[in-house]
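Here is the file final_35.txt (compact mmCIF, C-alpha atoms).
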# COMPACT_ATOMS: atom_id res chain seq x y z
CA MET A 1 6.17 -32.08 -5.05
CA SER A 2 9.54 -32.36 -6.72
CA GLY A 3 12.11 -34.51 -4.97
CA GLU A 4 14.96 -32.88 -6.89
CA THR A 5 15.98 -30.19 -4.41
CA THR A 6 19.73 -30.63 -4.25
CA ASN A 7 20.59 -27.05 -5.18
CA GLU A 8 17.97 -25.40 -3.01
CA THR A 9 18.88 -23.77 0.28
CA TRP A 10 16.78 -24.67 3.35
CA GLU A 11 15.14 -21.27 3.05
CA GLU A 12 14.11 -21.89 -0.56
CA ILE A 13 12.67 -25.27 0.39
CA VAL A 14 10.64 -23.68 3.23
CA VAL A 15 9.24 -21.05 0.85
CA ARG A 16 8.28 -23.70 -1.71
CA VAL A 17 6.57 -25.93 0.88
CA LEU A 18 4.66 -23.04 2.48
CA LYS A 19 3.37 -22.03 -0.96
CA ALA A 20 2.39 -25.59 -1.83
CA ASN A 21 0.34 -25.70 1.40
CA GLU A 22 -1.24 -22.27 0.78
CA VAL A 23 0.35 -20.74 3.86
CA SER A 24 0.24 -17.17 2.59
CA LEU A 25 0.46 -14.98 5.71
CA VAL A 26 3.83 -14.65 7.44
CA THR A 27 4.25 -12.70 10.68
CA TYR A 28 7.65 -12.37 12.26
CA VAL A 29 9.89 -10.82 14.86
CA PRO A 30 13.30 -11.09 13.26
CA ASP A 31 16.39 -13.12 14.00
CA ASN A 32 19.69 -13.17 12.19
CA VAL A 33 19.25 -16.86 11.36
CA LEU A 34 15.87 -16.07 9.76
CA SER A 35 17.08 -13.06 7.79
CA ARG A 36 17.54 -14.77 4.44
CA LEU A 37 14.19 -16.57 4.74
CA ILE A 38 12.50 -13.26 5.60
CA ARG A 39 14.09 -11.59 2.56
CA LEU A 40 12.84 -14.36 0.27
CA ILE A 41 9.33 -14.13 1.71
CA GLU A 42 9.19 -10.34 1.52
CA ALA A 43 10.32 -10.46 -2.12
CA ASP A 44 7.56 -12.93 -3.07
CA PRO A 45 4.15 -11.40 -3.84
CA PHE A 46 2.46 -14.67 -2.84
CA PHE A 47 2.99 -13.75 0.79
CA THR A 48 1.33 -11.15 2.99
CA VAL A 49 3.96 -10.15 5.54
CA VAL A 50 3.42 -8.42 8.88
CA ALA A 51 6.27 -7.50 11.24
CA PRO A 52 4.68 -6.55 14.59
CA ALA A 53 6.39 -5.35 17.75
CA ARG A 54 6.04 -8.56 19.75
CA GLU A 55 5.77 -12.29 19.15
CA GLU A 56 2.38 -12.41 20.93
CA GLU A 57 0.99 -10.11 18.26
CA ALA A 58 2.51 -12.31 15.54
CA VAL A 59 0.68 -15.31 17.04
CA ALA A 60 -2.63 -13.44 17.42
CA ILE A 61 -2.57 -12.08 13.85
CA VAL A 62 -2.06 -15.60 12.46
CA THR A 63 -4.86 -16.84 14.73
CA GLY A 64 -7.31 -14.18 13.54
CA ALA A 65 -6.42 -14.80 9.91
CA TYR A 66 -6.94 -18.57 10.31
CA MET A 67 -10.41 -18.03 11.75
CA ALA A 68 -11.18 -15.85 8.72
CA GLY A 69 -9.92 -18.45 6.24
CA LYS A 70 -6.27 -17.57 5.60
CA ARG A 71 -3.35 -19.82 6.57
CA GLY A 72 -0.34 -18.29 8.26
CA ILE A 73 2.89 -18.91 10.15
CA ALA A 74 4.71 -16.92 12.85
CA LEU A 75 8.53 -16.76 12.77
CA MET A 76 10.60 -15.97 15.85
CA GLN A 77 13.72 -16.93 17.77
CA THR A 78 13.96 -18.97 20.97
CA SER A 79 13.78 -15.99 23.35
CA GLY A 80 10.69 -14.75 21.51
CA PHE A 81 9.02 -18.12 21.99
CA ALA A 82 9.47 -17.65 25.75
CA THR A 83 7.17 -14.58 25.57
CA ILE A 84 4.18 -16.34 23.95
CA VAL A 85 3.45 -19.06 26.49
CA ASN A 86 0.24 -17.44 27.77
CA ALA A 87 -1.03 -16.90 24.23
CA LEU A 88 -0.43 -20.58 23.46
CA ALA A 89 -2.08 -21.74 26.70
CA SER A 90 -5.12 -19.45 26.50
CA LEU A 91 -5.64 -18.97 22.76
CA ALA A 92 -3.96 -21.46 20.40
CA CYS A 93 -4.44 -24.60 22.55
CA PRO A 94 -7.99 -24.24 23.96
CA PHE A 95 -9.43 -22.73 20.75
CA GLN A 96 -7.71 -25.53 18.76
CA ILE A 97 -5.92 -23.23 16.32
CA PRO A 98 -3.51 -24.75 13.76
CA LEU A 99 -0.97 -22.09 14.66
CA LEU A 100 2.31 -22.71 12.83
CA LEU A 101 5.46 -21.52 14.58
CA MET A 102 8.93 -21.52 13.06
CA ILE A 103 11.50 -20.99 15.78
CA SER A 104 15.20 -20.46 15.08
CA GLU A 105 16.99 -22.16 17.93
CA ARG A 106 19.49 -20.01 19.78
CA GLY A 107 21.16 -20.88 23.06
CA THR A 108 22.82 -24.13 22.08
CA LEU A 109 25.81 -25.42 20.04
CA GLY A 110 27.98 -22.35 20.28
CA GLU A 111 25.88 -19.70 22.02
CA PHE A 112 27.77 -16.71 23.43
CA GLN A 113 24.98 -15.15 25.56
CA GLN A 114 24.10 -16.72 28.88
CA GLY A 115 20.50 -15.48 28.75
CA GLN A 116 19.93 -17.16 25.38
CA ALA A 117 21.43 -20.40 26.68
CA ILE A 118 19.16 -20.38 29.74
CA VAL A 119 15.91 -19.44 27.98
CA CYS A 120 16.59 -22.05 25.30
CA ARG A 121 16.29 -24.78 27.93
CA THR A 122 12.71 -23.71 28.69
CA MET A 123 11.44 -24.19 25.14
CA ARG A 124 11.00 -27.97 24.90
CA PRO A 125 9.57 -28.38 28.43
CA VAL A 126 6.99 -25.69 27.61
CA LEU A 127 6.07 -27.30 24.29
CA GLN A 128 5.84 -30.70 25.98
CA SER A 129 3.75 -29.50 28.91
CA LEU A 130 1.30 -27.79 26.53
CA GLY A 131 1.17 -30.91 24.37
CA ILE A 132 2.28 -29.02 21.27
CA GLU A 133 3.70 -31.04 18.39
CA HIS A 134 7.31 -29.98 17.73
CA PHE A 135 10.29 -31.17 15.78
CA ALA A 136 13.81 -29.80 15.35
CA ILE A 137 15.08 -29.91 11.77
CA GLN A 138 18.79 -30.67 11.65
CA GLU A 139 19.41 -31.48 8.00
CA ARG A 140 18.53 -29.79 4.74
CA ALA A 141 17.48 -33.15 3.30
CA HIS A 142 14.72 -33.34 5.92
CA VAL A 143 13.30 -29.83 5.49
CA GLU A 144 10.70 -30.64 2.85
CA PHE A 145 9.35 -33.77 4.53
CA VAL A 146 9.21 -32.28 8.03
CA VAL A 147 7.75 -28.89 7.10
CA ASP A 148 5.18 -30.37 4.73
CA GLY A 149 4.16 -33.09 7.20
CA MET A 150 3.85 -30.75 10.16
CA VAL A 151 1.89 -28.13 8.22
CA ARG A 152 -0.55 -30.71 6.87
CA GLN A 153 -0.97 -32.34 10.27
CA ALA A 154 -1.57 -29.00 12.02
CA PHE A 155 -4.49 -28.16 9.72
CA ALA A 156 -5.83 -31.71 9.58
CA THR A 157 -5.91 -31.97 13.40
CA GLN A 158 -6.57 -28.27 14.29
CA ALA A 159 -3.53 -28.17 16.54
CA PRO A 160 -0.58 -25.78 16.89
CA ALA A 161 2.82 -26.99 15.69
CA ALA A 162 6.37 -25.75 16.28
CA LEU A 163 9.04 -26.19 13.63
CA ILE A 164 12.40 -25.70 15.32
CA LEU A 165 15.38 -24.77 13.16
CA SER A 166 18.42 -26.38 14.78
CA PRO A 167 21.87 -24.80 14.44
CA LEU A 168 22.79 -28.09 12.77
CA LEU A 169 20.61 -26.91 9.87
CA THR A 170 21.23 -23.18 9.98
CA LYS A 171 24.84 -22.75 11.18
CA ARG A 172 26.78 -25.82 10.09
CA ALA A 173 28.81 -25.38 6.91
CA ALA A 174 27.17 -27.29 4.06
CA MET B 1 -20.42 17.55 10.31
CA SER B 2 -19.11 19.83 13.01
CA ASN B 3 -20.06 17.35 15.73
CA ILE B 4 -17.63 14.78 14.29
CA GLU B 5 -14.38 16.55 14.99
CA PRO B 6 -14.62 18.29 18.34
CA ASN B 7 -11.28 18.67 20.05
CA VAL B 8 -12.16 16.27 22.86
CA THR B 9 -9.61 15.31 25.49
CA ARG B 10 -9.90 12.53 28.07
CA ASP B 11 -10.81 15.13 30.68
CA GLY B 12 -13.45 16.64 28.39
CA ALA B 13 -15.12 13.34 27.46
CA VAL B 14 -18.45 12.60 29.16
CA LEU B 15 -18.52 9.46 31.33
CA LEU B 16 -20.42 6.81 29.34
CA ASN B 17 -21.64 3.27 30.00
CA ARG B 18 -20.10 0.20 28.30
CA THR B 19 -23.32 -1.86 28.22
CA ALA B 20 -25.24 0.98 26.58
CA LEU B 21 -22.49 1.75 24.05
CA THR B 22 -22.02 -1.93 23.16
CA ARG B 23 -25.76 -2.19 22.46
CA ARG B 24 -25.63 0.99 20.34
CA LEU B 25 -22.76 -0.49 18.32
CA VAL B 26 -24.47 -3.86 17.86
CA ALA B 27 -27.69 -2.13 16.82
CA LYS B 28 -25.79 -0.44 14.00
CA LEU B 29 -24.33 -3.71 12.66
CA LYS B 30 -25.96 -4.77 9.43
CA SER B 31 -25.08 -8.49 9.92
CA GLU B 32 -21.79 -9.36 8.32
CA GLU B 33 -19.36 -7.28 10.40
CA ALA B 34 -16.91 -9.24 12.55
CA VAL B 35 -16.54 -8.17 16.19
CA VAL B 36 -13.58 -9.40 18.26
CA ALA B 37 -13.99 -8.68 21.95
CA GLY B 38 -11.17 -8.73 24.51
CA ILE B 39 -11.31 -10.46 27.86
CA GLY B 40 -13.57 -9.75 30.79
CA HIS B 41 -16.28 -7.14 30.91
CA THR B 42 -15.68 -6.14 27.27
CA ASN B 43 -16.77 -9.50 25.93
CA PHE B 44 -19.37 -10.05 28.68
CA ASP B 45 -21.23 -7.00 27.42
CA LEU B 46 -20.87 -8.08 23.80
CA TRP B 47 -22.31 -11.47 24.78
CA ALA B 48 -25.16 -9.77 26.65
CA SER B 49 -25.96 -7.67 23.58
CA GLY B 50 -26.95 -10.79 21.57
CA GLN B 51 -24.80 -13.68 20.34
CA ARG B 52 -24.13 -13.04 16.68
CA PRO B 53 -22.10 -15.77 14.91
CA GLN B 54 -19.72 -13.05 13.70
CA ASN B 55 -18.69 -12.31 17.30
CA PHE B 56 -15.45 -13.68 18.75
CA TYR B 57 -15.14 -13.79 22.53
CA MET B 58 -11.50 -13.90 23.62
CA LEU B 59 -10.71 -15.84 26.80
CA GLY B 60 -7.48 -15.26 28.70
CA SER B 61 -4.98 -13.91 26.17
CA MET B 62 -5.14 -10.38 27.59
CA GLY B 63 -4.10 -7.70 25.11
CA LEU B 64 -4.56 -9.73 21.93
CA ALA B 65 -8.04 -8.65 20.76
CA THR B 66 -6.62 -6.01 18.43
CA PRO B 67 -4.02 -8.27 16.75
CA ILE B 68 -6.64 -11.05 16.37
CA ALA B 69 -8.97 -8.52 14.72
CA LEU B 70 -6.10 -7.35 12.52
CA GLY B 71 -5.61 -10.94 11.33
CA VAL B 72 -9.32 -11.19 10.50
CA ALA B 73 -9.17 -7.87 8.65
CA ILE B 74 -6.14 -9.00 6.61
CA ALA B 75 -7.77 -12.31 5.68
CA GLN B 76 -11.14 -10.77 4.71
CA PRO B 77 -10.50 -7.24 3.41
CA GLN B 78 -14.12 -6.89 2.22
CA ARG B 79 -15.54 -7.36 5.73
CA LYS B 80 -15.68 -4.62 8.36
CA VAL B 81 -13.96 -5.74 11.54
CA PHE B 82 -14.35 -4.19 15.00
CA ALA B 83 -11.98 -4.88 17.90
CA LEU B 84 -13.39 -4.10 21.36
CA ASP B 85 -11.02 -3.91 24.30
CA GLY B 86 -10.45 -2.32 27.68
CA ASP B 87 -7.76 0.12 28.79
CA GLY B 88 -5.96 -2.44 30.98
CA SER B 89 -5.79 -4.87 28.07
CA ILE B 90 -4.55 -2.50 25.39
CA LEU B 91 -1.94 -1.11 27.80
CA MET B 92 -0.36 -4.58 27.63
CA GLN B 93 0.03 -4.46 23.86
CA LEU B 94 0.55 -0.83 22.86
CA GLY B 95 2.89 -1.91 20.06
CA SER B 96 -0.23 -3.18 18.28
CA PHE B 97 -1.19 0.46 17.60
CA GLY B 98 1.97 0.77 15.50
CA THR B 99 1.37 -2.60 13.85
CA VAL B 100 -2.18 -1.62 12.85
CA ALA B 101 -1.00 1.79 11.62
CA SER B 102 1.74 0.27 9.46
CA VAL B 103 -0.54 -2.42 7.97
CA ALA B 104 -3.25 0.26 7.59
CA PRO B 105 -6.29 -2.00 7.07
CA LYS B 106 -9.16 0.08 5.66
CA ASN B 107 -11.71 -2.29 7.19
CA LEU B 108 -10.59 -2.23 10.85
CA ALA B 109 -11.95 -0.15 13.71
CA ILE B 110 -10.69 -0.44 17.29
CA ILE B 111 -12.97 0.64 20.13
CA ILE B 112 -11.48 0.98 23.61
CA TRP B 113 -13.55 1.22 26.80
CA ASP B 114 -11.45 3.26 29.24
CA ASN B 115 -12.57 3.20 32.87
CA GLY B 116 -9.07 3.73 34.25
CA ALA B 117 -9.30 0.49 36.21
CA TYR B 118 -8.82 -3.25 36.22
CA HIS B 119 -12.47 -3.44 37.15
CA ILE B 120 -12.86 -7.23 37.15
CA THR B 121 -10.00 -7.80 39.63
CA GLY B 122 -11.13 -5.20 42.17
CA ALA B 123 -10.93 -1.87 40.34
CA GLN B 124 -7.22 -1.28 40.86
CA LYS B 125 -6.12 1.79 38.89
CA THR B 126 -4.60 1.47 35.42
CA LEU B 127 -2.10 3.90 33.92
CA THR B 128 -4.89 5.76 32.12
CA SER B 129 -6.16 6.95 35.51
CA SER B 130 -2.97 8.96 35.93
CA THR B 131 -0.87 10.00 32.93
CA VAL B 132 -1.54 7.80 29.89
CA ASP B 133 -3.85 9.10 27.15
CA LEU B 134 -4.65 6.25 24.74
CA VAL B 135 -5.77 8.55 21.92
CA GLU B 136 -2.51 10.49 22.07
CA MET B 137 -0.50 7.25 22.18
CA ALA B 138 -2.40 5.93 19.17
CA LYS B 139 -1.81 9.12 17.22
CA GLY B 140 1.87 8.93 18.09
CA ALA B 141 1.92 5.37 16.76
CA GLY B 142 0.51 6.57 13.44
CA LEU B 143 -3.23 6.00 13.89
CA LYS B 144 -4.32 9.39 12.61
CA GLN B 145 -8.05 8.67 12.88
CA ALA B 146 -8.01 8.31 16.66
CA GLN B 147 -10.56 10.17 18.78
CA TRP B 148 -12.20 10.38 22.17
CA ALA B 149 -15.97 9.97 22.06
CA ALA B 150 -17.29 13.22 23.53
CA ASP B 151 -20.71 11.74 24.38
CA GLU B 152 -23.13 9.03 23.15
CA GLU B 153 -24.14 10.99 20.07
CA HIS B 154 -20.51 11.57 19.11
CA PHE B 155 -19.75 7.86 19.69
CA ASP B 156 -22.54 7.01 17.24
CA ALA B 157 -21.16 9.49 14.72
CA LEU B 158 -17.64 8.05 14.98
CA VAL B 159 -18.93 4.49 14.58
CA GLY B 160 -20.96 5.68 11.60
CA ARG B 161 -17.80 7.03 9.99
CA ALA B 162 -16.03 3.72 10.63
CA PHE B 163 -18.79 2.05 8.59
CA THR B 164 -18.64 4.39 5.64
CA GLU B 165 -15.06 5.68 5.47
CA ASP B 166 -11.71 3.92 5.21
CA GLY B 167 -9.92 2.98 8.42
CA PRO B 168 -8.09 2.13 10.47
CA TRP B 169 -10.16 3.86 13.17
CA LEU B 170 -9.61 4.14 16.89
CA ILE B 171 -12.44 5.28 19.13
CA VAL B 172 -11.89 5.59 22.87
CA ALA B 173 -14.85 6.02 25.21
CA LYS B 174 -14.42 7.03 28.82
CA ILE B 175 -16.74 4.72 30.75
CA ASP B 176 -18.06 4.31 34.26
CA GLN B 177 -17.48 1.29 36.50
CA THR B 178 -20.85 -0.43 36.42
CA LYS B 179 -20.92 -4.21 36.03
CA PRO B 180 -21.56 -5.83 32.64
CA ALA B 181 -25.04 -7.07 31.72
CA GLY B 182 -24.10 -10.76 31.47
CA VAL B 183 -21.33 -13.35 31.48
CA THR B 184 -19.94 -15.08 28.39
CA GLU B 185 -20.31 -18.86 28.12
CA ARG B 186 -16.70 -20.06 28.14
CA ASP B 187 -16.49 -22.80 25.50
CA PRO B 188 -13.48 -21.98 23.29
CA VAL B 189 -14.04 -24.48 20.48
CA LYS B 190 -17.74 -23.59 20.22
CA ILE B 191 -16.81 -19.90 20.10
CA ARG B 192 -14.27 -20.52 17.33
CA LEU B 193 -16.54 -22.74 15.22
CA ASN B 194 -19.46 -20.31 15.50
CA PHE B 195 -17.16 -17.45 14.49
CA MET B 196 -15.70 -19.35 11.54
CA ASN B 197 -19.20 -20.30 10.38
CA GLY B 198 -20.25 -16.67 10.77
CA LEU B 199 -17.30 -15.62 8.63
CA LYS B 200 -17.87 -18.48 6.16
CA ALA B 201 -14.22 -19.40 6.64
CA SER B 202 -12.29 -22.61 6.16
CA ALA B 203 -8.51 -22.92 6.00
Taking this structure as input, can you express it in the form of structure tokens?
Amino acid sequence: MSGETTNETWEEIVVRVLKANEVSLVTYVPDNVLSRLIRLIEADPFFTVVAPAREEEAVAIVTGAYMAGKRGIALMQTSGFATIVNALASLACPFQIPLLLMISERGTLGEFQQGQAIVCRTMRPVLQSLGIEHFAIQERAHVEFVVDGMVRQAFATQAPAALILSPLLTKRAA
Amino acid sequence: MSNIEPNVTRDGAVLLNRTALTRRLVAKLKSEEAVVAGIGHTNFDLWASGQRPQNFYMLGSMGLATPIALGVAIAQPQRKVFALDGDGSILMQLGSFGTVASVAPKNLAIIIWDNGAYHITGAQKTLTSSTVDLVEMAKGAGLKQAQWAADEEHFDALVGRAFTEDGPWLIVAKIDQTKPAGVTERDPVKIRLNFMNGLKASA
């Protein structure tokens, strides 16, 4: 993989790394922070894109596709993550599914909605108590290494993984 | 084929039996079709009908049989995929009707067993026992090929169409409240590996 990525946005790096790892199914419930990434993915014929009504569906579609031989990732925001706990605990974890989650982190570093700030604080304790590998990406320079490493590890170890997009990556002026 | 399109409503559908219908479905499978069964009595009866490696038995994630089956159908468009689920389960994830309609997989058929009750937890009533008609909701979500099974023969005819004509299909059978014919062995990793071997999948 090329190390010369200085002009790429974080979204472009994510797209490139997903393609390099043959992650070709993307399911999402949208978020403003994810909007440019979603546009790039929808414009690229490499990807099959499904936008269901709820995050649980997004997780289940990726799970079904994995069991039938296709790699996928589910995109959502923090409050959406809070709705999938039962699906993680009863489907992704016990069935040992390499379910990739990309979660745009709301509720911290400048949040204006109290509900987002409160639900945000549940995310890491839930991931920890379920034993799910997770990492918050804060810098564009780390995107390629972290995404590539977590995707490869998820499939190598048949375990779900959560890639958290920190506001330090997505909101801070470059 | 006048028996295929009767104008059957929930009230007009004959009360059928899930164990018998599951066995009729399985008997029609040629070998390669994937079957994803939702929690509880739905997958107990699939288990009791013979453990094919192309069967997936969901444990716990109530409401997600249809989206799991949709994922299978997307990944393997050449394989017929059946989702089996109960009324209580699908009521939790009605948005999935719209998701399936918008993706429009030709190879997916959803079969719902509707007994109007959460049978496994003590037969408390579900919404379908009062006002909710799952076929009408599915049609409203864009699943045009959604029908009540009028009786066993009509169920067979609808399943036959799902084999030979493009989907997505939704078949709802009004069923009685008899117990399933067995209980699924709850070993998640074994279930997944058997299913992936049955689908010849690796990712």
Practice task
Just give me the residues with any atom within 9 Å of (-27.1, -4.1, 23.4), file coordinates, counting only C-alpha atoms, written as a PyMOL selection string.
Solution key: chain B and resi 19-27+45-50
Problem - Contacts of Ala162 of chain A at 10 Å (all atoms listed in the file; same-chain gap of 2+ positions) as a PyMOL selection string - result: chain A and resi 73-75+81+99-103+127+132-136+147+150-151+154+160+164-165
Quick one: axis-aligned box around all listed atoms of segment 160-178 of chain B, 5 Å on every side, centre and edge lengths in Å to one decimal, written as lines of an AutoDock Vina configuration file.
center_x = -14.5
center_y = 3.3
center_z = 20.9
size_x = 22.9
size_y = 17.5
size_z = 41.3
Exercise for the section: Output as a ChimeraX atom specification the set of chain A residues within 9 Å of chain B, with distances taken over all atoms listed in the file. Expected result: /A:22,25,48,50-54,56-71,86-91,94-97,155
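Of note, atom CA of Cys93 of chain A and atom CA of Met92 of chain B are spaced 21.1 Å apart.
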Kindly add all heavy atoms to the incomplete segment 45-54 of chain A and provide the output as a PDB file, keeping the file's coordinate frame.
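As a result, rebuild.pdb now contains:
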ATOM      1  N   PRO A  45       5.489 -11.976  -3.973  1.00  0.00           N
ATOM      2  CA  PRO A  45       4.150 -11.400  -3.840  1.00  0.00           C
ATOM      3  C   PRO A  45       3.087 -12.389  -3.382  1.00  0.00           C
ATOM      4  O   PRO A  45       1.986 -11.975  -3.009  1.00  0.00           O
ATOM      5  CB  PRO A  45       3.835 -10.894  -5.262  1.00  0.00           C
ATOM      6  CG  PRO A  45       4.757 -11.630  -6.153  1.00  0.00           C
ATOM      7  CD  PRO A  45       5.995 -11.949  -5.348  1.00  0.00           C
ATOM      8  N   PHE A  46       3.409 -13.674  -3.364  1.00  0.00           N
ATOM      9  CA  PHE A  46       2.460 -14.670  -2.840  1.00  0.00           C
ATOM     10  C   PHE A  46       2.146 -14.401  -1.375  1.00  0.00           C
ATOM     11  O   PHE A  46       1.030 -14.661  -0.915  1.00  0.00           O
ATOM     12  CB  PHE A  46       3.050 -16.075  -2.993  1.00  0.00           C
ATOM     13  CG  PHE A  46       2.212 -17.169  -2.375  1.00  0.00           C
ATOM     14  CD1 PHE A  46       1.128 -17.707  -3.060  1.00  0.00           C
ATOM     15  CD2 PHE A  46       2.502 -17.654  -1.101  1.00  0.00           C
ATOM     16  CE1 PHE A  46       0.359 -18.714  -2.492  1.00  0.00           C
ATOM     17  CE2 PHE A  46       1.726 -18.662  -0.533  1.00  0.00           C
ATOM     18  CZ  PHE A  46       0.654 -19.192  -1.231  1.00  0.00           C
ATOM     19  N   PHE A  47       3.137 -13.870  -0.651  1.00  0.00           N
ATOM     20  CA  PHE A  47       2.990 -13.750   0.790  1.00  0.00           C
ATOM     21  C   PHE A  47       2.525 -12.369   1.223  1.00  0.00           C
ATOM     22  O   PHE A  47       2.945 -11.347   0.683  1.00  0.00           O
ATOM     23  CB  PHE A  47       4.333 -14.050   1.489  1.00  0.00           C
ATOM     24  CG  PHE A  47       4.808 -15.467   1.327  1.00  0.00           C
ATOM     25  CD1 PHE A  47       5.840 -15.760   0.443  1.00  0.00           C
ATOM     26  CD2 PHE A  47       4.221 -16.494   2.036  1.00  0.00           C
ATOM     27  CE1 PHE A  47       6.285 -17.069   0.277  1.00  0.00           C
ATOM     28  CE2 PHE A  47       4.649 -17.812   1.881  1.00  0.00           C
ATOM     29  CZ  PHE A  47       5.688 -18.098   1.002  1.00  0.00           C
ATOM     30  N   THR A  48       1.644 -12.359   2.231  1.00  0.00           N
ATOM     31  CA  THR A  48       1.330 -11.150   2.990  1.00  0.00           C
ATOM     32  C   THR A  48       2.218 -11.199   4.231  1.00  0.00           C
ATOM     33  O   THR A  48       2.226 -12.198   4.947  1.00  0.00           O
ATOM     34  CB  THR A  48      -0.149 -11.143   3.418  1.00  0.00           C
ATOM     35  OG1 THR A  48      -0.956 -11.225   2.242  1.00  0.00           O
ATOM     36  CG2 THR A  48      -0.488  -9.883   4.204  1.00  0.00           C
ATOM     37  N   VAL A  49       2.979 -10.135   4.459  1.00  0.00           N
ATOM     38  CA  VAL A  49       3.960 -10.150   5.540  1.00  0.00           C
ATOM     39  C   VAL A  49       3.643  -9.057   6.545  1.00  0.00           C
ATOM     40  O   VAL A  49       3.398  -7.903   6.159  1.00  0.00           O
ATOM     41  CB  VAL A  49       5.396  -9.951   4.977  1.00  0.00           C
ATOM     42  CG1 VAL A  49       6.427 -10.082   6.104  1.00  0.00           C
ATOM     43  CG2 VAL A  49       5.685 -10.949   3.869  1.00  0.00           C
ATOM     44  N   VAL A  50       3.632  -9.406   7.819  1.00  0.00           N
ATOM     45  CA  VAL A  50       3.420  -8.420   8.880  1.00  0.00           C
ATOM     46  C   VAL A  50       4.543  -8.584   9.905  1.00  0.00           C
ATOM     47  O   VAL A  50       4.824  -9.693  10.358  1.00  0.00           O
ATOM     48  CB  VAL A  50       2.058  -8.618   9.579  1.00  0.00           C
ATOM     49  CG1 VAL A  50       1.865  -7.546  10.660  1.00  0.00           C
ATOM     50  CG2 VAL A  50       0.912  -8.572   8.577  1.00  0.00           C
ATOM     51  N   ALA A  51       5.178  -7.480  10.254  1.00  0.00           N
ATOM     52  CA  ALA A  51       6.270  -7.500  11.240  1.00  0.00           C
ATOM     53  C   ALA A  51       5.858  -6.672  12.450  1.00  0.00           C
ATOM     54  O   ALA A  51       6.119  -5.474  12.525  1.00  0.00           O
ATOM     55  CB  ALA A  51       7.544  -6.948  10.610  1.00  0.00           C
ATOM     56  N   PRO A  52       5.163  -7.290  13.429  1.00  0.00           N
ATOM     57  CA  PRO A  52       4.680  -6.550  14.590  1.00  0.00           C
ATOM     58  C   PRO A  52       5.788  -6.325  15.617  1.00  0.00           C
ATOM     59  O   PRO A  52       6.927  -6.752  15.421  1.00  0.00           O
ATOM     60  CB  PRO A  52       3.591  -7.461  15.141  1.00  0.00           C
ATOM     61  CG  PRO A  52       4.049  -8.834  14.800  1.00  0.00           C
ATOM     62  CD  PRO A  52       4.815  -8.718  13.499  1.00  0.00           C
ATOM     63  N   ALA A  53       5.403  -5.698  16.730  1.00  0.00           N
ATOM     64  CA  ALA A  53       6.390  -5.350  17.750  1.00  0.00           C
ATOM     65  C   ALA A  53       6.746  -6.535  18.637  1.00  0.00           C
ATOM     66  O   ALA A  53       7.866  -6.608  19.146  1.00  0.00           O
ATOM     67  CB  ALA A  53       5.859  -4.193  18.604  1.00  0.00           C
ATOM     68  N   ARG A  54       5.804  -7.434  18.840  1.00  0.00           N
ATOM     69  CA  ARG A  54       6.040  -8.560  19.750  1.00  0.00           C
ATOM     70  C   ARG A  54       5.541  -9.875  19.162  1.00  0.00           C
ATOM     71  O   ARG A  54       4.616  -9.882  18.350  1.00  0.00           O
ATOM     72  CB  ARG A  54       5.316  -8.319  21.100  1.00  0.00           C
ATOM     73  CG  ARG A  54       6.018  -7.330  22.000  1.00  0.00           C
ATOM     74  CD  ARG A  54       5.292  -7.159  23.325  1.00  0.00           C
ATOM     75  NE  ARG A  54       5.419  -8.308  24.211  1.00  0.00           N
ATOM     76  CZ  ARG A  54       6.503  -8.583  24.944  1.00  0.00           C
ATOM     77  NH1 ARG A  54       7.556  -7.794  24.894  1.00  0.00           N
ATOM     78  NH2 ARG A  54       6.529  -9.632  25.737  1.00  0.00           N
TER      79      ARG A  54
END
